[in-house]
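Chemist: A single structure is presented below for examination.
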Amino acid sequence: MEILNVSNLKKIYTTHLGGNQVHALKDVTFSVEQGEYVAIMGESGSGKTTLLNLLAALDKPTSGKIVLDGNKLSSVKERSLATFRRNNLGFVFQEFNLLNTFSLRDNILLPLVLSGAPVKDMEIRLAPIVQSFGISEILGKFPYEVSGGQKQRAAVARALITNPKLILADEPTGALDSASSADLLRVFEQVNKTGQTILMVTHSTDAASHAGRILFIRDGVVFHQIYRGESSNEELYKKISDTLTMLRTGGECK
(Lines give C-alpha, C1' and ligand atoms only; values in the text may rest on other atoms or scores of the structure.)
Protein backbone atom coordinates (compact mmCIF):
# COMPACT_ATOMS: atom_id res chain seq x y z
CA MET A 1 0.00 0.00 0.00
CA GLU A 2 1.37 3.40 -1.03
CA ILE A 3 1.73 5.78 1.93
CA LEU A 4 3.53 8.68 0.19
CA ASN A 5 3.38 9.91 -3.38
CA VAL A 6 5.55 12.76 -4.64
CA SER A 7 4.78 13.84 -8.18
CA ASN A 8 6.61 16.33 -10.44
CA LEU A 9 7.73 18.36 -7.44
CA LYS A 10 9.41 21.67 -8.23
CA LYS A 11 10.69 24.38 -5.89
CA ILE A 12 12.07 27.69 -7.10
CA TYR A 13 13.45 30.32 -4.74
CA THR A 14 13.68 33.94 -5.85
CA THR A 15 16.36 36.22 -4.43
CA HIS A 16 15.35 39.16 -2.26
CA LEU A 17 15.38 41.66 -5.11
CA GLY A 18 13.90 39.19 -7.57
CA GLY A 19 16.91 39.23 -9.84
CA ASN A 20 17.83 35.57 -9.69
CA GLN A 21 16.00 32.28 -9.34
CA VAL A 22 17.36 29.16 -7.67
CA HIS A 23 15.86 25.86 -8.80
CA ALA A 24 16.22 23.82 -5.60
CA LEU A 25 14.04 21.00 -6.97
CA LYS A 26 13.37 20.62 -10.69
CA ASP A 27 11.16 17.56 -11.14
CA VAL A 28 11.11 15.08 -8.25
CA THR A 29 8.85 12.05 -8.52
CA PHE A 30 8.85 8.97 -6.29
CA SER A 31 6.57 6.98 -4.01
CA VAL A 32 6.99 5.14 -0.72
CA GLU A 33 5.12 2.01 0.29
CA GLN A 34 3.81 1.53 3.80
CA GLY A 35 6.48 -0.11 5.94
CA GLU A 36 9.39 0.91 3.69
CA TYR A 37 12.68 2.24 5.05
CA VAL A 38 13.99 4.74 2.48
CA ALA A 39 17.19 6.78 2.62
CA ILE A 40 17.74 9.92 0.52
CA MET A 41 21.30 10.89 -0.37
CA GLY A 42 23.01 13.57 -2.41
CA GLU A 43 25.71 16.18 -2.16
CA SER A 44 25.19 19.48 -0.35
CA GLY A 45 22.96 21.71 -2.45
CA SER A 46 21.33 18.79 -4.25
CA GLY A 47 17.88 19.56 -2.82
CA LYS A 48 17.62 17.04 0.07
CA THR A 49 16.81 19.60 2.76
CA THR A 50 14.33 21.39 0.51
CA LEU A 51 12.58 18.09 -0.19
CA LEU A 52 12.40 17.26 3.52
CA ASN A 53 10.91 20.68 4.32
CA LEU A 54 8.25 20.18 1.64
CA LEU A 55 7.39 16.69 2.91
CA ALA A 56 7.08 18.12 6.42
CA ALA A 57 4.72 20.83 5.14
CA LEU A 58 7.15 23.46 6.42
CA ASP A 59 7.35 24.94 2.93
CA LYS A 60 5.18 24.84 -0.18
CA PRO A 61 6.26 23.61 -3.61
CA THR A 62 6.26 25.88 -6.65
CA SER A 63 4.44 23.11 -8.50
CA GLY A 64 3.76 19.40 -8.24
CA LYS A 65 2.04 17.54 -5.43
CA ILE A 66 2.66 15.56 -2.27
CA VAL A 67 0.06 13.05 -1.09
CA LEU A 68 0.43 11.44 2.34
CA ASP A 69 -1.93 8.56 3.10
CA GLY A 70 -4.46 9.93 0.61
CA ASN A 71 -4.21 13.53 1.88
CA LYS A 72 -2.90 16.13 -0.55
CA LEU A 73 -0.69 18.44 1.51
CA SER A 74 -1.62 21.50 -0.52
CA SER A 75 -5.26 20.96 0.48
CA VAL A 76 -4.51 21.14 4.21
CA LYS A 77 -5.52 24.58 5.48
CA GLU A 78 -2.79 26.74 7.01
CA ARG A 79 -4.47 26.77 10.42
CA SER A 80 -4.60 22.97 10.42
CA LEU A 81 -0.99 22.28 9.38
CA ALA A 82 0.42 21.94 12.91
CA THR A 83 -2.28 19.43 13.83
CA PHE A 84 -1.77 17.56 10.56
CA ARG A 85 1.98 17.25 11.22
CA ARG A 86 1.41 16.11 14.80
CA ASN A 87 -1.13 13.47 13.77
CA ASN A 88 0.66 12.12 10.71
CA LEU A 89 4.39 12.78 10.95
CA GLY A 90 7.14 11.94 13.41
CA PHE A 91 10.39 13.91 13.32
CA VAL A 92 13.93 12.90 14.28
CA PHE A 93 16.52 15.67 14.02
CA GLN A 94 20.31 15.74 13.98
CA GLU A 95 20.46 17.96 17.08
CA PHE A 96 17.73 16.04 18.94
CA ASN A 97 15.55 19.17 19.52
CA LEU A 98 14.75 18.15 23.08
CA LEU A 99 13.74 20.82 25.60
CA ASN A 100 16.35 21.04 28.36
CA THR A 101 13.79 22.29 30.88
CA PHE A 102 11.68 19.14 30.35
CA SER A 103 12.54 15.65 31.58
CA LEU A 104 12.93 12.94 28.95
CA ARG A 105 9.45 11.68 29.90
CA ASP A 106 7.91 15.11 29.30
CA ASN A 107 9.80 15.57 26.04
CA ILE A 108 8.54 12.23 24.74
CA LEU A 109 4.96 12.92 25.81
CA LEU A 110 4.87 16.50 24.49
CA PRO A 111 3.12 15.68 21.16
CA LEU A 112 0.35 13.88 23.06
CA VAL A 113 0.03 16.74 25.53
CA LEU A 114 -0.36 19.19 22.65
CA SER A 115 -3.04 17.00 21.08
CA GLY A 116 -4.97 16.82 24.36
CA ALA A 117 -4.63 13.07 24.87
CA PRO A 118 -5.84 11.66 28.22
CA VAL A 119 -3.07 10.99 30.76
CA LYS A 120 -4.02 7.31 30.95
CA ASP A 121 -3.55 6.93 27.17
CA MET A 122 -0.18 8.68 27.38
CA GLU A 123 1.13 6.17 29.92
CA ILE A 124 -0.21 3.22 27.92
CA ARG A 125 1.65 4.42 24.82
CA LEU A 126 4.80 5.44 26.67
CA ALA A 127 5.60 2.22 28.54
CA PRO A 128 6.25 -0.21 25.65
CA ILE A 129 8.22 2.32 23.58
CA VAL A 130 10.67 3.35 26.30
CA GLN A 131 11.04 -0.24 27.46
CA SER A 132 11.95 -1.44 23.97
CA PHE A 133 14.48 1.41 23.64
CA GLY A 134 16.05 0.73 27.05
CA ILE A 135 15.42 4.20 28.49
CA SER A 136 12.77 3.41 31.13
CA GLU A 137 15.25 4.01 33.96
CA ILE A 138 16.26 7.51 32.83
CA LEU A 139 12.87 9.07 32.04
CA GLY A 140 13.19 11.41 35.01
CA LYS A 141 16.51 12.81 33.82
CA PHE A 142 16.90 15.96 31.75
CA PRO A 143 18.54 16.01 28.30
CA TYR A 144 21.73 17.63 29.61
CA GLU A 145 22.14 14.72 32.06
CA VAL A 146 22.26 11.92 29.49
CA SER A 147 24.45 10.88 26.56
CA GLY A 148 23.90 11.77 22.91
CA GLY A 149 22.75 8.25 22.15
CA GLN A 150 20.20 8.36 24.97
CA LYS A 151 18.96 11.74 23.77
CA GLN A 152 18.44 10.37 20.27
CA ARG A 153 16.58 7.32 21.63
CA ALA A 154 14.28 9.71 23.47
CA ALA A 155 13.86 11.73 20.27
CA VAL A 156 12.87 8.59 18.34
CA ALA A 157 10.44 7.65 21.13
CA ARG A 158 8.89 11.13 20.85
CA ALA A 159 8.54 10.66 17.08
CA LEU A 160 6.76 7.33 17.59
CA ILE A 161 4.46 8.28 20.45
CA THR A 162 1.69 9.54 18.14
CA ASN A 163 1.75 6.43 15.91
CA PRO A 164 2.69 8.53 12.85
CA LYS A 165 2.08 7.49 9.27
CA LEU A 166 5.65 8.48 8.39
CA ILE A 167 8.85 9.23 10.29
CA LEU A 168 11.05 11.91 8.71
CA ALA A 169 14.64 11.70 9.93
CA ASP A 170 17.08 14.50 9.13
CA GLU A 171 20.71 13.36 9.48
CA PRO A 172 19.80 11.38 12.63
CA THR A 173 23.34 10.09 13.20
CA GLY A 174 25.05 13.40 12.42
CA ALA A 175 25.68 14.43 16.04
CA LEU A 176 26.52 10.95 17.35
CA ASP A 177 29.77 9.05 17.79
CA SER A 178 30.22 5.77 15.93
CA ALA A 179 28.96 3.56 18.78
CA SER A 180 25.86 5.69 19.36
CA SER A 181 25.23 5.84 15.60
CA ALA A 182 25.32 2.05 15.34
CA ASP A 183 22.97 1.84 18.33
CA LEU A 184 20.50 4.28 16.76
CA LEU A 185 20.54 2.45 13.43
CA ARG A 186 19.68 -0.77 15.25
CA VAL A 187 16.76 1.09 16.84
CA PHE A 188 15.59 2.27 13.41
CA GLU A 189 15.74 -1.28 12.07
CA GLN A 190 13.77 -2.48 15.09
CA VAL A 191 11.15 0.23 14.55
CA ASN A 192 10.90 -0.51 10.83
CA LYS A 193 10.34 -4.21 11.52
CA THR A 194 7.16 -3.27 13.42
CA GLY A 195 5.81 -1.81 10.16
CA GLN A 196 6.75 1.83 10.71
CA THR A 197 7.57 3.75 7.50
CA ILE A 198 10.82 5.74 7.66
CA LEU A 199 12.23 8.33 5.26
CA MET A 200 15.74 9.38 6.22
CA VAL A 201 17.93 12.11 4.72
CA THR A 202 21.59 11.37 5.35
CA HIS A 203 25.15 11.99 4.18
CA SER A 204 26.27 8.80 5.90
CA THR A 205 26.89 5.78 3.67
CA ASP A 206 26.77 3.59 6.77
CA ALA A 207 23.37 4.94 7.83
CA ALA A 208 21.96 4.55 4.31
CA SER A 209 23.20 0.95 4.11
CA HIS A 210 20.64 0.02 6.78
CA ALA A 211 17.71 1.16 4.61
CA GLY A 212 15.72 -0.96 2.19
CA ARG A 213 15.99 1.53 -0.68
CA ILE A 214 18.22 4.51 -1.38
CA LEU A 215 17.23 7.46 -3.57
CA PHE A 216 19.98 9.70 -4.93
CA ILE A 217 19.29 13.35 -5.72
CA ARG A 218 21.47 15.37 -8.07
CA ASP A 219 20.74 18.88 -9.33
CA GLY A 220 17.20 18.84 -8.02
CA VAL A 221 16.06 15.51 -9.49
CA VAL A 222 16.04 11.88 -8.40
CA PHE A 223 18.58 10.43 -10.82
CA HIS A 224 19.13 6.94 -9.40
CA GLN A 225 17.92 4.48 -6.79
CA ILE A 226 19.17 1.25 -5.26
CA TYR A 227 17.03 -1.52 -3.78
CA ARG A 228 18.49 -3.71 -1.06
CA GLY A 229 17.08 -6.94 -2.44
CA GLU A 230 19.12 -9.77 -0.92
CA SER A 231 22.18 -7.57 -0.28
CA SER A 232 23.78 -7.49 3.15
CA ASN A 233 24.56 -4.14 4.78
CA GLU A 234 28.17 -4.54 3.66
CA GLU A 235 27.19 -5.24 0.06
CA LEU A 236 24.73 -2.35 0.04
CA TYR A 237 27.43 -0.08 1.52
CA LYS A 238 29.66 -0.92 -1.46
CA LYS A 239 26.87 -0.19 -3.97
CA ILE A 240 26.12 3.14 -2.30
CA SER A 241 29.81 4.11 -2.25
CA ASP A 242 30.15 3.32 -5.95
CA THR A 243 27.07 5.40 -6.75
CA LEU A 244 28.34 8.36 -4.70
CA THR A 245 31.63 8.19 -6.55
CA MET A 246 29.76 8.38 -9.85
CA LEU A 247 27.75 11.26 -8.44
CA ARG A 248 30.86 13.24 -7.56
CA THR A 249 32.56 12.59 -10.90
CA GLY A 250 29.47 13.33 -12.95
CA GLY A 251 29.31 9.85 -14.42
CA GLU A 252 26.31 7.72 -15.23
CA CYS A 253 25.00 4.99 -12.93
CA LYS A 254 24.29 1.54 -14.27
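Every chain in the C-alpha coordinates has a letter given in the order shown (A, B, ...), and although residue numbers restart at 1 in each chain, ligands are simply numbered from 1 in the order shown.
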Using only C-alpha atoms, find each residue in region 86-139 of chain A having at least one atom no more than 9 Å away from region 54-72 of chain A; report its shortest atom-to-atom pair and that distance in Å (one decimal), rows by chain then rising number, as a Markdown table.
Modeler:
| residue | atom | partner | partner_atom | distance |
| --- | --- | --- | --- | --- |
| A:Asn88 | CA | A:Leu68 | CA | 8.4 |
| A:Leu89 | CA | A:Ala56 | CA | 7.5 |
| A:Phe91 | CA | A:Ala56 | CA | 8.7 |
Chemist: Next, the residues of the selection above should be written as a CSV table (one decimal), in the first residue's frame with C-alpha atoms.
Modeler:
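Produced file part-v8.csv, reproduced below:
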chain,number,residue,atom,x,y,z
A,88,ASN,CA,0.7,12.1,10.7
A,89,LEU,CA,4.4,12.8,11.0
A,91,PHE,CA,10.4,13.9,13.3
Chemist: Of the candidates A:Glu234, A:Glu137, A:Glu95, A:Asp121, which one gets nearest to Thr173 (chain A) if we count only C-alpha atoms?
Modeler: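 That would be A:Glu95, the residue with the smallest distance to Thr173 (chain A).
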Chemist: Give me every strand (DSSP E) residue in region 26-184 of chain A, going by DSSP on the backbone, as a short mmCIF file (atom, residue, chain, number, x, y, z; two decimals) with N, CA, C and O atoms, in the first residue's frame.
Modeler:
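Once written, states.cif looks like this:
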data_model
loop_
_atom_site.label_atom_id
_atom_site.label_comp_id
_atom_site.auth_asym_id
_atom_site.auth_seq_id
_atom_site.Cartn_x
_atom_site.Cartn_y
_atom_site.Cartn_z
N LYS A 26 13.80 20.39 -9.31
CA LYS A 26 13.37 20.62 -10.69
C LYS A 26 12.20 19.74 -11.11
O LYS A 26 11.28 20.20 -11.76
N ASP A 27 12.24 18.46 -10.75
CA ASP A 27 11.16 17.56 -11.14
C ASP A 27 11.33 16.25 -10.38
O ASP A 27 11.85 15.27 -10.92
N VAL A 28 10.91 16.24 -9.12
CA VAL A 28 11.11 15.08 -8.25
C VAL A 28 9.84 14.25 -8.20
O VAL A 28 8.77 14.75 -7.85
N THR A 29 9.98 12.98 -8.54
CA THR A 29 8.85 12.05 -8.52
C THR A 29 9.30 10.72 -7.90
O THR A 29 10.30 10.15 -8.33
N PHE A 30 8.60 10.29 -6.87
CA PHE A 30 8.85 8.97 -6.29
C PHE A 30 7.68 8.64 -5.36
O PHE A 30 6.87 9.50 -5.02
N SER A 31 7.59 7.39 -4.97
CA SER A 31 6.57 6.98 -4.01
C SER A 31 7.20 6.08 -2.96
O SER A 31 8.27 5.52 -3.16
N VAL A 32 6.52 5.97 -1.82
CA VAL A 32 6.99 5.14 -0.72
C VAL A 32 5.85 4.24 -0.28
O VAL A 32 4.74 4.72 -0.04
N GLU A 33 6.12 2.97 -0.17
CA GLU A 33 5.12 2.01 0.29
C GLU A 33 5.09 1.98 1.81
O GLU A 33 6.09 2.24 2.48
N TYR A 37 11.61 1.48 4.39
CA TYR A 37 12.68 2.24 5.05
C TYR A 37 13.53 2.80 3.92
O TYR A 37 14.30 2.09 3.29
N VAL A 38 13.37 4.10 3.64
CA VAL A 38 13.99 4.74 2.48
C VAL A 38 14.99 5.79 2.94
O VAL A 38 14.69 6.61 3.81
N ALA A 39 16.18 5.76 2.36
CA ALA A 39 17.19 6.78 2.62
C ALA A 39 17.32 7.67 1.38
O ALA A 39 17.22 7.19 0.25
N ILE A 40 17.52 8.96 1.61
CA ILE A 40 17.74 9.92 0.52
C ILE A 40 19.13 10.50 0.68
O ILE A 40 19.50 11.00 1.75
N MET A 41 19.92 10.41 -0.40
CA MET A 41 21.30 10.89 -0.37
C MET A 41 21.55 11.86 -1.52
O MET A 41 20.81 11.89 -2.50
N SER A 63 5.41 23.91 -7.76
CA SER A 63 4.44 23.11 -8.50
C SER A 63 4.64 21.64 -8.13
O SER A 63 5.61 21.28 -7.47
N GLY A 64 3.71 20.81 -8.59
CA GLY A 64 3.76 19.40 -8.24
C GLY A 64 2.91 19.13 -7.01
O GLY A 64 2.31 20.04 -6.43
N LYS A 65 2.88 17.87 -6.58
CA LYS A 65 2.04 17.54 -5.43
C LYS A 65 2.68 16.48 -4.54
O LYS A 65 3.50 15.67 -4.97
N ILE A 66 2.26 16.54 -3.27
CA ILE A 66 2.66 15.56 -2.27
C ILE A 66 1.38 15.01 -1.65
O ILE A 66 0.54 15.78 -1.16
N VAL A 67 1.24 13.70 -1.67
CA VAL A 67 0.06 13.05 -1.09
C VAL A 67 0.53 12.08 -0.02
O VAL A 67 1.30 11.16 -0.29
N LEU A 68 0.08 12.31 1.21
CA LEU A 68 0.43 11.44 2.34
C LEU A 68 -0.81 10.71 2.82
O LEU A 68 -1.77 11.34 3.27
N ASN A 71 -3.98 12.10 1.62
CA ASN A 71 -4.21 13.53 1.88
C ASN A 71 -3.22 14.38 1.09
O ASN A 71 -2.01 14.26 1.27
N LYS A 72 -3.75 15.22 0.21
CA LYS A 72 -2.90 16.13 -0.55
C LYS A 72 -2.48 17.28 0.35
O LYS A 72 -3.32 18.01 0.88
N LEU A 89 2.95 12.82 11.15
CA LEU A 89 4.39 12.78 10.95
C LEU A 89 5.13 12.71 12.28
O LEU A 89 4.73 13.34 13.26
N GLY A 90 6.21 11.95 12.29
CA GLY A 90 7.14 11.94 13.41
C GLY A 90 8.47 12.46 12.93
O GLY A 90 8.90 12.15 11.81
N PHE A 91 9.14 13.27 13.75
CA PHE A 91 10.39 13.91 13.32
C PHE A 91 11.55 13.50 14.21
O PHE A 91 11.45 13.49 15.43
N VAL A 92 12.68 13.17 13.56
CA VAL A 92 13.93 12.90 14.28
C VAL A 92 14.99 13.79 13.67
O VAL A 92 15.26 13.72 12.47
N LEU A 166 4.32 8.41 8.99
CA LEU A 166 5.65 8.48 8.39
C LEU A 166 6.61 9.16 9.36
O LEU A 166 6.26 10.18 9.96
N ILE A 167 7.79 8.57 9.54
CA ILE A 167 8.85 9.23 10.29
C ILE A 167 9.80 9.89 9.29
O ILE A 167 10.29 9.24 8.36
N LEU A 168 10.07 11.17 9.51
CA LEU A 168 11.05 11.91 8.71
C LEU A 168 12.28 12.13 9.58
O LEU A 168 12.19 12.76 10.64
N ALA A 169 13.41 11.60 9.15
CA ALA A 169 14.64 11.70 9.93
C ALA A 169 15.66 12.52 9.16
O ALA A 169 15.99 12.20 8.02
N ASP A 170 16.14 13.58 9.78
CA ASP A 170 17.08 14.50 9.13
C ASP A 170 18.47 14.31 9.73
O ASP A 170 18.74 14.75 10.85
#
Chemist: Within 10 Å of Ala182 (chain A), counting only C-alpha atoms, which residues qualify if same-chain residues fewer than 4 places away don't, as an mmCIF file with N, CA, C and O atoms, in the first residue's frame?
Modeler:
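The result, stored in result.cif:
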data_model
loop_
_atom_site.group_PDB
_atom_site.id
_atom_site.type_symbol
_atom_site.label_atom_id
_atom_site.label_comp_id
_atom_site.auth_asym_id
_atom_site.auth_seq_id
_atom_site.Cartn_x
_atom_site.Cartn_y
_atom_site.Cartn_z
ATOM 1 N N GLY A 149 23.519 9.405 22.586
ATOM 2 C CA GLY A 149 22.746 8.246 22.153
ATOM 3 C C GLY A 149 21.429 8.125 22.878
ATOM 4 O O GLY A 149 20.394 7.789 22.283
ATOM 5 N N THR A 173 22.093 10.526 12.574
ATOM 6 C CA THR A 173 23.343 10.093 13.201
ATOM 7 C C THR A 173 24.413 11.184 13.168
ATOM 8 O O THR A 173 25.533 10.973 13.622
ATOM 9 N N LEU A 176 26.205 12.083 16.492
ATOM 10 C CA LEU A 176 26.521 10.949 17.352
ATOM 11 C C LEU A 176 27.895 10.374 17.025
ATOM 12 O O LEU A 176 28.360 10.448 15.892
ATOM 13 N N ASP A 177 28.530 9.774 18.044
ATOM 14 C CA ASP A 177 29.768 9.048 17.794
ATOM 15 C C ASP A 177 29.435 7.716 17.130
ATOM 16 O O ASP A 177 28.261 7.360 16.977
ATOM 17 N N SER A 178 30.451 6.976 16.719
ATOM 18 C CA SER A 178 30.218 5.765 15.930
ATOM 19 C C SER A 178 29.416 4.715 16.699
ATOM 20 O O SER A 178 28.534 4.060 16.127
ATOM 21 N N ARG A 186 20.343 0.461 14.807
ATOM 22 C CA ARG A 186 19.677 -0.772 15.250
ATOM 23 C C ARG A 186 18.254 -0.469 15.720
ATOM 24 O O ARG A 186 17.322 -1.242 15.462
ATOM 25 N N VAL A 187 18.093 0.675 16.401
ATOM 26 C CA VAL A 187 16.757 1.090 16.845
ATOM 27 C C VAL A 187 15.852 1.330 15.643
ATOM 28 O O VAL A 187 14.688 0.897 15.620
ATOM 29 N N PHE A 188 16.374 2.012 14.619
ATOM 30 C CA PHE A 188 15.588 2.270 13.413
ATOM 31 C C PHE A 188 15.166 0.965 12.742
ATOM 32 O O PHE A 188 14.026 0.831 12.288
ATOM 33 N N ASP A 206 27.089 4.635 5.799
ATOM 34 C CA ASP A 206 26.774 3.586 6.770
ATOM 35 C C ASP A 206 25.300 3.624 7.157
ATOM 36 O O ASP A 206 24.629 2.587 7.185
ATOM 37 N N ALA A 207 24.776 4.820 7.456
ATOM 38 C CA ALA A 207 23.366 4.938 7.826
ATOM 39 C C ALA A 207 22.470 4.481 6.679
ATOM 40 O O ALA A 207 21.513 3.730 6.880
ATOM 41 N N HIS A 210 21.608 0.731 5.937
ATOM 42 C CA HIS A 210 20.641 0.019 6.777
ATOM 43 C C HIS A 210 19.225 0.120 6.206
ATOM 44 O O HIS A 210 18.313 -0.537 6.714
#
Chemist: State, in Å with one decimal place, the distance from CA of Ser136 (chain A) to CA of Asp106 (chain A).
Modeler: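 Interatomic distance here is 12.8 Å.
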Chemist: Going by DSSP on the backbone, which bits of region 124-231 of chain A are helix (DSSP H, G or I)? Write them as a PyMOL selection string, please.
Modeler: chain A and resi 124-133+136-138+143-145+148-160+178-193+205-208
Chemist: Here is a test: counting only C-alpha atoms, which residue of A:Thr83, A:Asn107, A:Ser74, A:Ser115 is nearest to Gln152 (chain A)?
Modeler: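 Among the listed residues, A:Asn107 lies closest to Gln152 (chain A).
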Chemist: Which residues are close to Leu99 (chain A), i.e. within 12 Å by only C-alpha atoms, leaving aside same-chain residues fewer than 5 positions away? Reply as a ChimeraX atom specification.
Modeler: /A:104-110,141-144,151,154-155,158
Chemist: Any chance you could export the current selection's N, CA and C atoms as a PDB file, in the first residue's frame?
Modeler:
ATOM      1  N   LEU A 104      13.085  13.751  30.147  1.00  0.00           N
ATOM      2  CA  LEU A 104      12.927  12.935  28.945  1.00  0.00           C
ATOM      3  C   LEU A 104      11.482  12.471  28.813  1.00  0.00           C
ATOM      4  N   ARG A 105      10.856  12.096  29.933  1.00  0.00           N
ATOM      5  CA  ARG A 105       9.449  11.677  29.903  1.00  0.00           C
ATOM      6  C   ARG A 105       8.573  12.771  29.294  1.00  0.00           C
ATOM      7  N   ASP A 106       8.747  14.013  29.785  1.00  0.00           N
ATOM      8  CA  ASP A 106       7.909  15.111  29.304  1.00  0.00           C
ATOM      9  C   ASP A 106       8.202  15.456  27.852  1.00  0.00           C
ATOM     10  N   ASN A 107       9.466  15.338  27.444  1.00  0.00           N
ATOM     11  CA  ASN A 107       9.804  15.566  26.042  1.00  0.00           C
ATOM     12  C   ASN A 107       9.116  14.552  25.136  1.00  0.00           C
ATOM     13  N   ILE A 108       9.140  13.288  25.553  1.00  0.00           N
ATOM     14  CA  ILE A 108       8.537  12.229  24.738  1.00  0.00           C
ATOM     15  C   ILE A 108       7.029  12.400  24.648  1.00  0.00           C
ATOM     16  N   LEU A 109       6.426  12.802  25.757  1.00  0.00           N
ATOM     17  CA  LEU A 109       4.961  12.917  25.809  1.00  0.00           C
ATOM     18  C   LEU A 109       4.428  14.224  25.227  1.00  0.00           C
ATOM     19  N   LEU A 110       5.314  15.173  24.923  1.00  0.00           N
ATOM     20  CA  LEU A 110       4.869  16.502  24.487  1.00  0.00           C
ATOM     21  C   LEU A 110       3.880  16.479  23.325  1.00  0.00           C
ATOM     22  N   LYS A 141      15.348  11.952  34.054  1.00  0.00           N
ATOM     23  CA  LYS A 141      16.510  12.811  33.824  1.00  0.00           C
ATOM     24  C   LYS A 141      16.212  13.855  32.747  1.00  0.00           C
ATOM     25  N   PHE A 142      17.031  14.900  32.738  1.00  0.00           N
ATOM     26  CA  PHE A 142      16.897  15.962  31.753  1.00  0.00           C
ATOM     27  C   PHE A 142      17.907  15.726  30.619  1.00  0.00           C
ATOM     28  N   PRO A 143      17.655  16.269  29.440  1.00  0.00           N
ATOM     29  CA  PRO A 143      18.541  16.013  28.295  1.00  0.00           C
ATOM     30  C   PRO A 143      20.013  16.271  28.567  1.00  0.00           C
ATOM     31  N   TYR A 144      20.328  17.314  29.354  1.00  0.00           N
ATOM     32  CA  TYR A 144      21.730  17.626  29.614  1.00  0.00           C
ATOM     33  C   TYR A 144      22.387  16.633  30.577  1.00  0.00           C
ATOM     34  N   LYS A 151      19.799  10.641  24.264  1.00  0.00           N
ATOM     35  CA  LYS A 151      18.965  11.744  23.772  1.00  0.00           C
ATOM     36  C   LYS A 151      18.271  11.340  22.474  1.00  0.00           C
ATOM     37  N   ALA A 154      15.463   8.979  22.987  1.00  0.00           N
ATOM     38  CA  ALA A 154      14.284   9.708  23.475  1.00  0.00           C
ATOM     39  C   ALA A 154      13.606  10.458  22.333  1.00  0.00           C
ATOM     40  N   ALA A 155      14.417  11.008  21.413  1.00  0.00           N
ATOM     41  CA  ALA A 155      13.855  11.726  20.272  1.00  0.00           C
ATOM     42  C   ALA A 155      13.076  10.788  19.355  1.00  0.00           C
ATOM     43  N   ARG A 158       9.825  10.008  21.034  1.00  0.00           N
ATOM     44  CA  ARG A 158       8.892  11.131  20.851  1.00  0.00           C
ATOM     45  C   ARG A 158       8.264  11.092  19.461  1.00  0.00           C
TER      46      ARG A 158
END
Chemist: Find, counting only C-alpha atoms, the residue in A:Leu4, A:Leu9, A:Ala82, A:Met246 that gets nearest to Gly47 (chain A).
Modeler: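 Ranked by minimum distance to Gly47 (chain A), first place goes to A:Leu9.
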Chemist: For Glu189 (chain A), list every protein, DNA or RNA residue within 12 Å, evaluated using only C-alpha atoms, and leave out those in the same chain fewer than 5 positions away; present the list as a list in words.
Modeler: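 Returned residues: Gly35, Glu36, Tyr37, Val38, Phe133, Ala182, Asp183, Leu184, Thr194, Gly195, Gln196, Thr197, Ile198, Ala207, Ala208, Ser209, His210, Ala211, Gly212 and Asn233 of chain A.
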Chemist: If I take CA of Leu114 (chain A) and CA of Asn5 (chain A), how far is one from the other in Å, to one decimal?
Modeler: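 CA of Asn5 (chain A) lies 27.9 Å from CA of Leu114 (chain A).
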Chemist: By how many Å are CA of Arg213 (chain A) and CA of Gly42 (chain A) apart?
Modeler: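 That distance, rounded to one decimal, is 14.0 Å.
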